[in-house]
file entry_25.cif (mmCIF, C-alpha atoms and all ligand atoms)
data_entry
#
loop_
_atom_site.label_atom_id
_atom_site.label_comp_id
_atom_site.auth_asym_id
_atom_site.auth_seq_id
_atom_site.Cartn_x
_atom_site.Cartn_y
_atom_site.Cartn_z
CA MET A 179 8.79 -0.02 -10.09
CA PRO A 180 5.38 0.82 -8.62
CA ALA A 181 6.08 1.11 -4.82
CA LEU A 182 4.32 4.43 -4.26
CA THR A 183 5.62 6.76 -6.97
CA PRO A 184 3.65 9.92 -7.71
CA GLY A 185 4.01 11.31 -11.23
CA ASP A 186 4.84 14.86 -10.14
CA TRP A 187 7.42 15.20 -7.35
CA THR A 188 7.39 19.02 -7.42
CA VAL A 189 4.08 19.15 -5.53
CA LEU A 190 5.53 17.26 -2.51
CA ALA A 191 6.94 18.71 0.69
CA ARG A 192 10.66 19.47 0.26
CA LEU A 193 13.64 18.72 2.45
CA GLU A 194 15.57 21.75 3.71
CA PRO A 195 19.15 22.17 2.46
CA VAL A 196 21.59 20.76 5.05
CA ALA A 197 22.56 23.25 7.75
CA GLU A 198 26.08 22.01 8.67
CA PRO A 199 28.12 21.21 5.55
CA ALA A 200 31.03 19.96 7.68
CA ASP A 201 28.86 17.32 9.37
CA GLU A 202 28.61 15.09 6.30
CA ARG A 203 29.06 11.33 6.81
CA SER A 204 31.85 9.48 5.02
CA VAL A 205 31.65 5.86 3.86
CA ALA A 206 33.00 3.20 6.23
CA THR A 207 32.52 0.06 4.09
CA VAL A 208 31.05 -1.06 0.76
CA THR A 209 30.08 -4.73 0.45
CA THR A 210 28.42 -6.72 -2.35
CA ALA A 211 25.45 -8.99 -1.57
CA PRO A 212 25.85 -12.63 -2.63
CA ARG A 213 22.91 -14.34 -4.29
CA GLY A 214 20.97 -17.12 -2.60
CA LEU A 215 17.63 -18.90 -2.49
CA GLU A 216 15.04 -18.44 0.27
CA GLY A 217 11.86 -20.24 1.31
CA GLU A 218 10.66 -22.62 -1.39
CA GLY A 219 13.37 -21.36 -3.73
CA PHE A 220 12.87 -17.71 -4.61
CA PRO A 221 16.00 -15.75 -5.55
CA VAL A 222 17.39 -13.26 -3.02
CA ARG A 223 20.45 -11.12 -2.45
CA ARG A 224 21.82 -11.31 1.12
CA ALA A 225 22.14 -7.56 1.58
CA PHE A 226 24.00 -7.56 4.92
CA ALA A 227 26.53 -10.32 4.19
CA GLY A 228 30.03 -9.26 5.23
CA LEU A 229 29.00 -6.76 7.93
CA SER A 230 29.22 -7.58 11.64
CA LEU A 231 26.14 -7.65 13.86
CA VAL A 232 27.70 -4.75 15.78
CA ALA A 233 27.84 -2.63 12.62
CA LEU A 234 24.25 -3.62 11.72
CA ASP A 235 22.73 -3.08 15.21
CA PRO A 236 19.70 -2.64 15.59
CA PHE A 237 19.25 -4.68 12.38
CA VAL A 238 20.15 -8.36 11.99
CA HIS A 239 19.50 -9.52 8.43
CA MET A 240 18.12 -8.26 5.12
CA ASP A 241 17.20 -10.01 1.87
CA GLN A 242 16.37 -8.28 -1.40
CA MET A 243 13.71 -10.63 -2.82
CA GLY A 244 14.15 -10.60 -6.62
CA GLU A 245 13.95 -8.49 -8.60
CA VAL A 246 12.73 -11.43 -10.65
CA ASP A 247 10.40 -11.86 -13.64
CA TYR A 248 8.56 -15.16 -13.12
CA ALA A 249 7.04 -17.36 -15.81
CA PRO A 250 3.52 -18.73 -15.17
CA GLY A 251 3.65 -21.39 -12.43
CA GLU A 252 6.99 -20.25 -11.02
CA PRO A 253 6.32 -17.73 -8.20
CA LYS A 254 7.38 -19.08 -4.79
CA GLY A 255 7.20 -18.06 -1.14
CA THR A 256 7.95 -19.52 2.27
CA PRO A 257 6.16 -22.40 4.03
CA TRP A 258 4.91 -22.04 7.63
CA HIS A 259 7.83 -21.31 9.99
CA PRO A 260 8.44 -19.78 13.45
CA HIS A 261 10.14 -16.64 14.81
CA ARG A 262 11.02 -15.34 18.27
CA GLY A 263 12.82 -12.32 19.71
CA PHE A 264 12.70 -9.77 16.87
CA GLU A 265 10.56 -8.22 14.10
CA THR A 266 10.26 -9.15 10.42
CA VAL A 267 9.57 -6.30 8.01
CA THR A 268 8.37 -7.18 4.50
CA TYR A 269 8.28 -4.26 2.04
CA MET A 270 6.89 -5.12 -1.40
CA ILE A 271 7.96 -2.92 -4.31
CA ASP A 272 6.53 -4.98 -7.21
CA GLY A 273 4.22 -7.96 -6.96
CA THR A 274 2.24 -9.45 -4.09
CA PHE A 275 2.74 -11.67 -1.06
CA GLN A 276 -0.20 -13.17 0.77
CA HIS A 277 0.49 -13.81 4.44
CA GLN A 278 -1.06 -15.40 7.48
CA ASP A 279 0.18 -15.92 11.04
CA SER A 280 -0.71 -17.99 14.07
CA HIS A 281 -1.74 -14.86 15.97
CA GLY A 282 -4.74 -14.09 13.70
CA GLY A 283 -2.96 -11.71 11.33
CA GLY A 284 -3.21 -12.01 7.56
CA GLY A 285 -3.68 -10.14 4.30
CA LEU A 286 -1.94 -8.94 1.18
CA ILE A 287 1.36 -7.09 0.94
CA THR A 288 1.64 -5.41 -2.45
CA ASN A 289 3.16 -2.58 -4.49
CA GLY A 290 4.55 -0.26 -1.80
CA SER A 291 2.92 -1.67 1.32
CA THR A 292 4.76 -3.07 4.33
CA GLN A 293 4.04 -5.83 6.81
CA TRP A 294 5.78 -5.01 10.11
CA MET A 295 5.43 -8.13 12.25
CA THR A 296 6.62 -8.27 15.85
CA ALA A 297 7.36 -11.91 16.63
CA GLY A 298 8.13 -11.17 20.30
CA GLN A 299 7.64 -14.33 22.40
CA GLY A 300 6.73 -16.36 19.34
CA ILE A 301 4.71 -16.64 16.15
CA LEU A 302 4.31 -18.94 13.15
CA HIS A 303 3.71 -17.44 9.72
CA ILE A 304 3.63 -18.04 5.98
CA GLU A 305 4.31 -15.67 3.08
CA THR A 306 3.34 -16.95 -0.34
CA PRO A 307 2.32 -15.52 -3.71
CA PRO A 308 -1.48 -15.58 -4.20
CA GLU A 309 -2.94 -18.21 -6.52
CA GLU A 310 -3.54 -15.79 -9.42
CA LEU A 311 0.10 -14.59 -9.32
CA VAL A 312 1.40 -18.18 -9.25
CA GLU A 313 -0.70 -18.91 -12.34
CA SER A 314 0.14 -15.70 -14.23
CA GLY A 315 3.78 -15.18 -13.22
CA GLY A 316 5.12 -11.64 -13.33
CA LEU A 317 7.44 -9.21 -11.62
CA PHE A 318 8.34 -9.79 -7.98
CA HIS A 319 10.55 -7.43 -5.98
CA GLY A 320 10.68 -6.67 -2.27
CA ILE A 321 12.70 -6.52 0.89
CA GLN A 322 12.64 -8.57 4.03
CA LEU A 323 14.41 -6.93 6.97
CA TRP A 324 14.95 -8.35 10.47
CA VAL A 325 14.81 -5.71 13.20
CA ASN A 326 16.14 -6.73 16.59
CA LEU A 327 14.26 -6.18 19.84
CA PRO A 328 15.96 -5.14 23.08
CA ALA A 329 16.06 -7.76 25.87
CA ARG A 330 13.16 -6.08 27.68
CA ASP A 331 10.89 -6.58 24.61
CA LYS A 332 11.97 -9.99 23.30
CA MET A 333 9.14 -11.85 25.03
CA ILE A 334 6.31 -9.34 24.44
CA PRO A 335 3.12 -10.66 22.82
CA PRO A 336 3.26 -10.83 19.00
CA ALA A 337 1.86 -7.84 17.11
CA TYR A 338 1.33 -6.74 13.56
CA GLN A 339 1.32 -3.44 11.66
CA SER A 340 -0.09 -3.25 8.16
CA LEU A 341 1.47 -0.12 6.62
CA GLU A 342 -0.36 0.70 3.40
CA ALA A 343 1.50 2.38 0.53
CA GLU A 344 -0.68 5.50 0.80
CA GLU A 345 0.34 6.02 4.46
CA VAL A 346 4.05 6.35 3.68
CA ALA A 347 5.38 9.90 4.13
CA LEU A 348 6.56 11.36 0.80
CA VAL A 349 9.10 14.16 0.60
CA ALA A 350 11.25 15.50 -2.23
CA SER A 351 14.76 16.95 -2.38
CA PRO A 352 14.97 20.76 -2.70
CA ASP A 353 15.10 20.50 -6.55
CA ALA A 354 12.57 17.59 -6.62
CA GLY A 355 15.07 15.30 -8.35
CA ALA A 356 14.80 12.74 -5.53
CA LEU A 357 11.80 11.14 -3.87
CA VAL A 358 12.02 9.89 -0.26
CA ARG A 359 9.39 7.46 1.04
CA VAL A 360 9.59 7.32 4.83
CA VAL A 361 8.21 3.95 6.01
CA ALA A 362 9.21 4.20 9.69
CA GLY A 363 10.94 6.76 11.86
CA ALA A 364 11.65 10.21 10.47
CA VAL A 365 13.71 12.08 7.89
CA GLY A 366 14.02 15.62 9.25
CA PRO A 367 10.48 16.57 10.35
CA HIS A 368 8.84 14.02 8.01
CA ARG A 369 7.65 10.95 9.94
CA GLY A 370 6.56 7.62 8.47
CA PRO A 371 3.72 5.41 9.74
CA GLY A 372 5.73 2.51 11.22
CA SER A 373 5.98 2.23 14.98
CA THR A 374 9.26 0.84 16.35
CA HIS A 375 10.50 -0.40 19.75
CA THR A 376 13.82 1.44 19.54
CA PRO A 377 14.55 4.60 17.53
CA MET A 378 15.25 3.96 13.83
CA THR A 379 14.47 5.16 10.29
CA LEU A 380 13.61 3.13 7.19
CA ALA A 381 13.21 4.94 3.85
CA HIS A 382 13.05 4.00 0.16
CA VAL A 383 14.67 6.68 -2.00
CA THR A 384 14.38 7.09 -5.78
CA LEU A 385 16.67 9.49 -7.67
CA ARG A 386 16.26 10.58 -11.26
CA ALA A 387 19.30 10.38 -13.54
CA GLY A 388 21.94 12.88 -12.37
CA ALA A 389 20.00 13.88 -9.24
CA GLN A 390 21.62 14.34 -5.84
CA LEU A 391 20.11 14.12 -2.35
CA ASP A 392 21.50 15.40 0.95
CA LEU A 393 19.62 13.37 3.54
CA PRO A 394 19.49 14.53 7.18
CA TRP A 395 20.30 11.55 9.42
CA GLU A 396 20.11 11.28 13.21
CA PRO A 397 23.71 11.57 14.51
CA GLY A 398 23.21 8.73 17.03
CA PHE A 399 21.99 6.28 14.37
CA ASN A 400 24.10 4.00 12.24
CA ALA A 401 23.50 4.53 8.52
CA LEU A 402 23.21 1.90 5.76
CA VAL A 403 22.44 2.48 2.09
CA TYR A 404 21.52 -0.58 0.00
CA VAL A 405 21.23 -0.25 -3.79
CA LEU A 406 18.06 -1.92 -5.11
CA ALA A 407 18.68 -0.94 -8.73
CA GLY A 408 20.89 1.32 -10.79
CA ARG A 409 24.19 3.04 -10.37
CA GLY A 410 25.28 6.08 -8.39
CA TYR A 411 27.55 7.30 -5.60
CA VAL A 412 27.40 7.81 -1.83
CA GLY A 413 29.17 9.66 0.96
CA SER A 414 31.51 12.61 1.19
CA GLU A 415 34.03 10.78 -1.02
CA ARG A 416 31.35 10.03 -3.69
CA ARG A 417 32.02 6.27 -3.63
CA PRO A 418 30.50 4.52 -6.69
CA VAL A 419 27.84 1.89 -5.84
CA SER A 420 25.53 -0.24 -7.96
CA THR A 421 22.79 -2.86 -7.69
CA GLY A 422 23.27 -5.25 -4.76
CA GLN A 423 25.87 -3.15 -2.93
CA LEU A 424 25.61 -1.93 0.65
CA ALA A 425 27.40 1.13 2.03
CA SER A 426 27.82 1.73 5.76
CA PHE A 427 28.75 5.18 7.02
CA ASP A 428 30.81 6.85 9.71
CA ARG A 429 29.18 9.31 12.12
CA GLY A 430 27.71 12.64 11.08
CA GLY A 431 24.49 14.60 10.71
CA TRP A 432 23.66 13.94 7.03
CA LEU A 433 24.64 11.82 4.07
CA ARG A 434 24.79 12.36 0.33
CA LEU A 435 23.36 10.09 -2.38
CA GLY A 436 23.67 10.73 -6.09
CA ALA A 437 22.50 8.98 -9.25
CA ASP A 438 24.71 8.53 -12.29
CA SER A 439 23.67 10.68 -15.21
CA ARG A 440 23.03 7.32 -16.94
CA PRO A 441 21.89 4.85 -14.24
CA ASP A 442 21.41 2.07 -16.87
CA THR A 443 17.98 1.02 -15.62
CA PRO A 444 15.01 0.83 -17.99
CA ASP A 445 13.28 3.64 -16.10
CA HIS A 446 16.53 5.68 -15.69
CA LEU A 447 16.12 5.68 -11.90
CA PHE A 448 18.52 4.95 -9.04
CA GLU A 449 16.72 3.07 -6.27
CA VAL A 450 18.09 2.68 -2.75
CA LEU A 451 16.95 1.71 0.70
CA VAL A 452 18.32 3.89 3.52
CA LEU A 453 18.11 2.57 7.05
CA GLY A 454 19.66 3.11 10.45
CA GLY A 455 18.89 3.22 14.12
CA ARG A 456 20.24 3.72 17.60
CA PRO A 457 22.31 0.61 18.40
CA ILE A 458 20.71 -1.60 21.07
CA GLY A 459 24.17 -2.55 22.32
CA GLU A 460 23.28 -5.98 23.74
CA PRO A 461 24.70 -9.45 22.94
CA VAL A 462 23.02 -11.03 19.88
CA GLU A 463 22.57 -14.80 19.50
CA HIS A 464 21.09 -15.54 16.07
CA TYR A 465 20.15 -19.13 15.24
CA GLY A 466 17.83 -19.89 12.30
CA PRO A 467 14.54 -18.04 12.83
CA PHE A 468 15.34 -16.95 16.41
CA VAL A 469 17.26 -13.86 17.59
CA MET A 470 17.93 -13.80 21.34
CA ASN A 471 20.57 -12.50 23.78
CA THR A 472 22.00 -15.83 25.03
CA ARG A 473 22.51 -19.40 23.78
CA ALA A 474 20.33 -20.66 26.64
CA GLU A 475 17.47 -18.52 25.28
CA ILE A 476 18.02 -20.02 21.80
CA ALA A 477 17.83 -23.54 23.28
CA GLN A 478 14.63 -22.54 25.09
CA ALA A 479 13.17 -21.15 21.84
CA LEU A 480 13.88 -24.46 20.03
CA GLU A 481 12.27 -26.45 22.83
CA ASP A 482 9.25 -24.12 22.98
CA TYR A 483 8.82 -24.37 19.20
CA GLN A 484 8.93 -28.18 19.32
CA ARG A 485 6.30 -28.15 22.08
CA GLY A 486 4.01 -25.87 20.07
CA ARG A 487 4.44 -22.89 22.41
CA LEU A 488 5.27 -20.47 19.59
CA GLY A 489 1.82 -21.01 18.11
CA VAL A 490 0.10 -23.57 15.92
CA ILE A 491 -0.94 -23.49 12.27
CA PRO A 492 -4.61 -22.47 12.33
CA PRO A 493 -7.32 -24.78 10.90
CA GLY A 494 -7.91 -24.19 7.19
CA ALA A 495 -4.66 -22.26 7.00
CA LEU A 496 -3.26 -20.63 3.89
CA MET A 497 -0.86 -23.02 2.14
CA PRO A 498 1.45 -22.49 -0.84
CA HIS A 499 -0.50 -22.68 -4.12
CA VAL A 500 0.73 -25.38 -6.49
CA ALA A 501 0.42 -24.29 -10.10
CA ARG A 502 -2.23 -26.16 -12.12
CA SER A 503 0.30 -26.62 -14.90
CA ALA A 504 4.02 -26.48 -14.43
CA PRO A 505 5.92 -24.25 -16.85
CA PRO A 506 7.37 -26.22 -19.80
CA GLU A 507 10.78 -24.58 -19.40
CA PRO A 508 12.14 -22.80 -16.33
CA ARG A 509 12.34 -19.15 -17.32
CA ALA A 510 12.59 -17.18 -14.09
CA ARG A 511 15.83 -15.32 -13.83
CA PRO A 512 16.92 -12.32 -11.82
CA VAL A 513 16.43 -9.05 -13.64
CA GLU A 514 20.01 -8.01 -14.40
CA ARG A 515 20.69 -4.39 -13.65
CA PRO A 516 24.24 -3.11 -13.79
MN MN B 601 9.49 -15.36 8.36
#

call {"tool": "encode", "arguments": {"input": "entry_25.cif", "output": "structure tokens", "more": "lines below"}}
Ligand code: MN
result
Amino acid sequence: MPALTPGDWTVLARLEPVAEPADERSVATVTTAPRGLEGEGFPVRRAFAGLSLVALDPFVHMDQMGEVDYAPGEPKGTPWHPHRGFETVTYMIDGTFQHQDSHGGGGLITNGSTQWMTAGQGILHIETPPEELVESGGLFHGIQLWVNLPARDKMIPPAYQSLEAEEVALVASPDAGALVRVVAGAVGPHRGPGSTHTPMTLAHVTLRAGAQLDLPWEPGFNALVYVLAGRGYVGSERRPVSTGQLASFDRGGWLRLGADSRPDTPDHLFEVLVLGGRPIGEPVEHYGPFVMNTRAEIAQALEDYQRGRLGVIPPGALMPHVARSAPPEPRARPVERP
């Protein structure tokens, strides 16, 4: 698990112990992500399945991409497609996506870096493994998160933030048994590089076997913990959670995460994504790649897309790489982690 993982966590800034023990958040729900296929057929877990849009607000959708170990010729991505009315956030933990959009953006997302794309009034984009990764195969693991925009920002011009792994704010628990990577928003006084349209926090947390983390969390934010790999517990009631499970929390000023003493992962780590924000509190109409406030706005988005008003595929555009030789036997399978 590369992401951005320094060898020595004791040299990092440390979180303060929580000030108000009584203000701990309890668990509201635990759900298990079903498996699916996305884009040209890469395996995902639908992290938010089973939770209402009200409980997710300001988020809409999240896929854990992989974790999968591809054979040569097997890596897949998405073809060109449109978005309007929200932001797509692609965080790569292992492996590489190459991307390009109709607004002039493009580049590589790899090993701990994040593409934070604001679709706003409309954009077309592609995310695909680079040619050398298609040919070689290899590990692929990441997250794609959809962040809603408030009505006032849904039709802003598209924008793009390339958040490099080295820019992420790193902070350790008081005993340095847990590493917190703040991608956007803040954890206590530690602020990540991502800029957001409404207040929110997105962090990737790694706990060593047996470690515990008391994470300060803005009282006005919802709180979601999604398990990327391993086994541990969450909340004041120490609810057990494992790979592919999502916990949502009741209100409070901080939340507890803990790793099993034997997390059953090859690297003996418990990996979670922690995210939450101030609810936008507006009606959400989600249809395919569009997230708007009303059905009329969805109909308008479909018409605008068909008329080419969301952008056009640029000349000489990046296209999915077709492997020179197909693999003799399909081998790709999700990496099973209990
Ligand atoms: Mn997309």

call {"tool": "closest_atom_pairs", "arguments": {"input": "entry_25.cif", "of": "range 385-479 of chain A", "to": "range 314-321 of chain A", "cutoff": "12 Å", "atoms": "all atoms listed in the file", "output": "CSV"}}
result
residue,atom,partner,partner_atom,distance
A:Tyr404,CA,A:Ile321,CA,10.7
A:Val405,CA,A:Ile321,CA,11.6
A:Leu406,CA,A:Gly320,CA,9.2
A:Ala407,CA,A:His319,CA,10.8
A:Val450,CA,A:Ile321,CA,11.3
A:Leu451,CA,A:Ile321,CA,9.3

call {"tool": "residues_near_point", "arguments": {"input": "entry_25.cif", "point": "(32.8, -1.9, 2.2)", "cutoff": "10 Å", "atoms": "all atoms listed in the file", "output": "PyMOL selection string"}}
result
chain A and resi 205-210+228-229+423-427

call {"tool": "residues_near_ligand", "arguments": {"input": "entry_25.cif", "ligand": "ligand MN 601 (chain B)", "cutoff": "7 Å", "atoms": "all atoms listed in the file", "output": "PyMOL selection string"}}
result
chain A and resi 259-261+266+303-304

call {"tool": "closest_atom_pairs", "arguments": {"input": "entry_25.cif", "of": "range 329-369 of chain A", "to": "range 194-199 of chain A", "cutoff": "9 Å", "atoms": "all atoms listed in the file", "output": "JSON lines"}}
result
{"residue": "A:Ser351", "atom": "CA", "partner": "A:Glu194", "partner_atom": "CA", "distance": 7.8}
{"residue": "A:Pro352", "atom": "CA", "partner": "A:Glu194", "partner_atom": "CA", "distance": 6.5}
{"residue": "A:Gly366", "atom": "CA", "partner": "A:Glu194", "partner_atom": "CA", "distance": 8.4}

call {"tool": "atom_distance", "arguments": {"input": "entry_25.cif", "atom1": "CA of Pro394 in chain A", "atom2": "CA of Phe226 in chain A"}}
result
22.7 Å

call {"tool": "residues_around", "arguments": {"input": "entry_25.cif", "residues": "range 212-219 of chain A", "least_positions_apart": "4", "cutoff": "12 Å", "atoms": "only C-alpha atoms", "output": "VMD selection string"}}
result
chain A and resid 223 to 228 240 to 245 252 to 259 304 to 307 322 421 to 424 498 to 500 510 to 512

call {"tool": "closest_residue", "arguments": {"input": "entry_25.cif", "among": "A:Ala437, A:Pro367, A:Ser420, A:Ala200", "to": "Ala347 in chain A", "atoms": "only C-alpha atoms"}}
result
A:Pro367

call {"tool": "atom_distance", "arguments": {"input": "entry_25.cif", "atom1": "CA of Gln278 in chain A", "atom2": "CA of Phe220 in chain A"}}
result
18.6 Å

call {"tool": "residues_around", "arguments": {"input": "entry_25.cif", "residues": "range 473-487 of chain A", "least_positions_apart": "3", "cutoff": "9 Å", "atoms": "all atoms listed in the file", "output": "compact mmCIF listing (two decimals) with C-alpha atoms, in the frame of the given file"}}
result
# COMPACT_ATOMS: atom_id res chain seq x y z
CA PRO A 260 8.44 -19.78 13.45
CA HIS A 261 10.14 -16.64 14.81
CA ARG A 262 11.02 -15.34 18.27
CA GLN A 299 7.64 -14.33 22.40
CA GLY A 300 6.73 -16.36 19.34
CA ILE A 301 4.71 -16.64 16.15
CA GLU A 463 22.57 -14.80 19.50
CA HIS A 464 21.09 -15.54 16.07
CA TYR A 465 20.15 -19.13 15.24
CA PHE A 468 15.34 -16.95 16.41
CA VAL A 469 17.26 -13.86 17.59
CA MET A 470 17.93 -13.80 21.34
CA VAL A 490 0.10 -23.57 15.92

call {"tool": "closest_residue", "arguments": {"input": "entry_25.cif", "among": "A:Val312, A:Pro180, A:Arg192, A:Arg330", "to": "His368 in chain A", "atoms": "all atoms listed in the file"}}
result
A:Arg192

call {"tool": "decode", "arguments": {"input": "entry_25.cif", "residues": "range 333-379 of chain A", "atoms": "C-alpha atoms", "output": "PDB file, in the first residue's frame"}}
result
ATOM      1  CA  MET A 333     -23.219  25.753 -13.083  1.00  0.00           C
ATOM      2  CA  ILE A 334     -19.784  27.251 -12.315  1.00  0.00           C
ATOM      3  CA  PRO A 335     -17.038  26.747 -14.917  1.00  0.00           C
ATOM      4  CA  PRO A 336     -15.228  23.393 -14.653  1.00  0.00           C
ATOM      5  CA  ALA A 337     -12.006  23.353 -12.629  1.00  0.00           C
ATOM      6  CA  TYR A 338      -9.320  20.924 -11.640  1.00  0.00           C
ATOM      7  CA  GLN A 339      -7.020  20.407  -8.648  1.00  0.00           C
ATOM      8  CA  SER A 340      -4.059  18.074  -8.892  1.00  0.00           C
ATOM      9  CA  LEU A 341      -3.199  17.164  -5.286  1.00  0.00           C
ATOM     10  CA  GLU A 342       0.182  15.455  -5.222  1.00  0.00           C
ATOM     11  CA  ALA A 343       0.935  12.815  -2.582  1.00  0.00           C
ATOM     12  CA  GLU A 344       3.674  14.980  -1.038  1.00  0.00           C
ATOM     13  CA  GLU A 345       1.195  17.835  -0.398  1.00  0.00           C
ATOM     14  CA  VAL A 346      -1.076  15.752   1.831  1.00  0.00           C
ATOM     15  CA  ALA A 347      -0.921  16.766   5.514  1.00  0.00           C
ATOM     16  CA  LEU A 348       0.506  13.936   7.657  1.00  0.00           C
ATOM     17  CA  VAL A 349      -0.215  13.654  11.362  1.00  0.00           C
ATOM     18  CA  ALA A 350       0.163  10.807  13.857  1.00  0.00           C
ATOM     19  CA  SER A 351      -1.850   9.716  16.889  1.00  0.00           C
ATOM     20  CA  PRO A 352      -0.335  10.618  20.294  1.00  0.00           C
ATOM     21  CA  ASP A 353       1.466   7.217  20.480  1.00  0.00           C
ATOM     22  CA  ALA A 354       2.272   7.234  16.705  1.00  0.00           C
ATOM     23  CA  GLY A 355       0.371   3.974  16.161  1.00  0.00           C
ATOM     24  CA  ALA A 356      -1.899   5.627  13.582  1.00  0.00           C
ATOM     25  CA  LEU A 357      -1.120   7.744  10.538  1.00  0.00           C
ATOM     26  CA  VAL A 358      -3.661  10.302   9.261  1.00  0.00           C
ATOM     27  CA  ARG A 359      -3.302  11.690   5.730  1.00  0.00           C
ATOM     28  CA  VAL A 360      -5.488  14.773   5.369  1.00  0.00           C
ATOM     29  CA  VAL A 361      -6.381  15.227   1.678  1.00  0.00           C
ATOM     30  CA  ALA A 362      -8.963  18.016   2.073  1.00  0.00           C
ATOM     31  CA  GLY A 363     -10.390  19.995   4.957  1.00  0.00           C
ATOM     32  CA  ALA A 364      -8.847  19.673   8.395  1.00  0.00           C
ATOM     33  CA  VAL A 365      -8.324  17.257  11.273  1.00  0.00           C
ATOM     34  CA  GLY A 366      -7.870  19.448  14.344  1.00  0.00           C
ATOM     35  CA  PRO A 367      -5.392  22.158  13.265  1.00  0.00           C
ATOM     36  CA  HIS A 368      -3.939  20.003  10.452  1.00  0.00           C
ATOM     37  CA  ARG A 369      -5.246  21.113   7.044  1.00  0.00           C
ATOM     38  CA  GLY A 370      -4.973  19.203   3.770  1.00  0.00           C
ATOM     39  CA  PRO A 371      -4.355  20.723   0.325  1.00  0.00           C
ATOM     40  CA  GLY A 372      -7.784  20.189  -1.279  1.00  0.00           C
ATOM     41  CA  SER A 373     -10.046  23.189  -1.723  1.00  0.00           C
ATOM     42  CA  THR A 374     -13.794  22.541  -1.367  1.00  0.00           C
ATOM     43  CA  HIS A 375     -16.989  24.502  -2.111  1.00  0.00           C
ATOM     44  CA  THR A 376     -18.668  23.571   1.168  1.00  0.00           C
ATOM     45  CA  PRO A 377     -16.925  22.615   4.432  1.00  0.00           C
ATOM     46  CA  MET A 378     -15.785  18.969   4.566  1.00  0.00           C
ATOM     47  CA  THR A 379     -12.878  16.686   5.508  1.00  0.00           C
TER      48      THR A 379
END
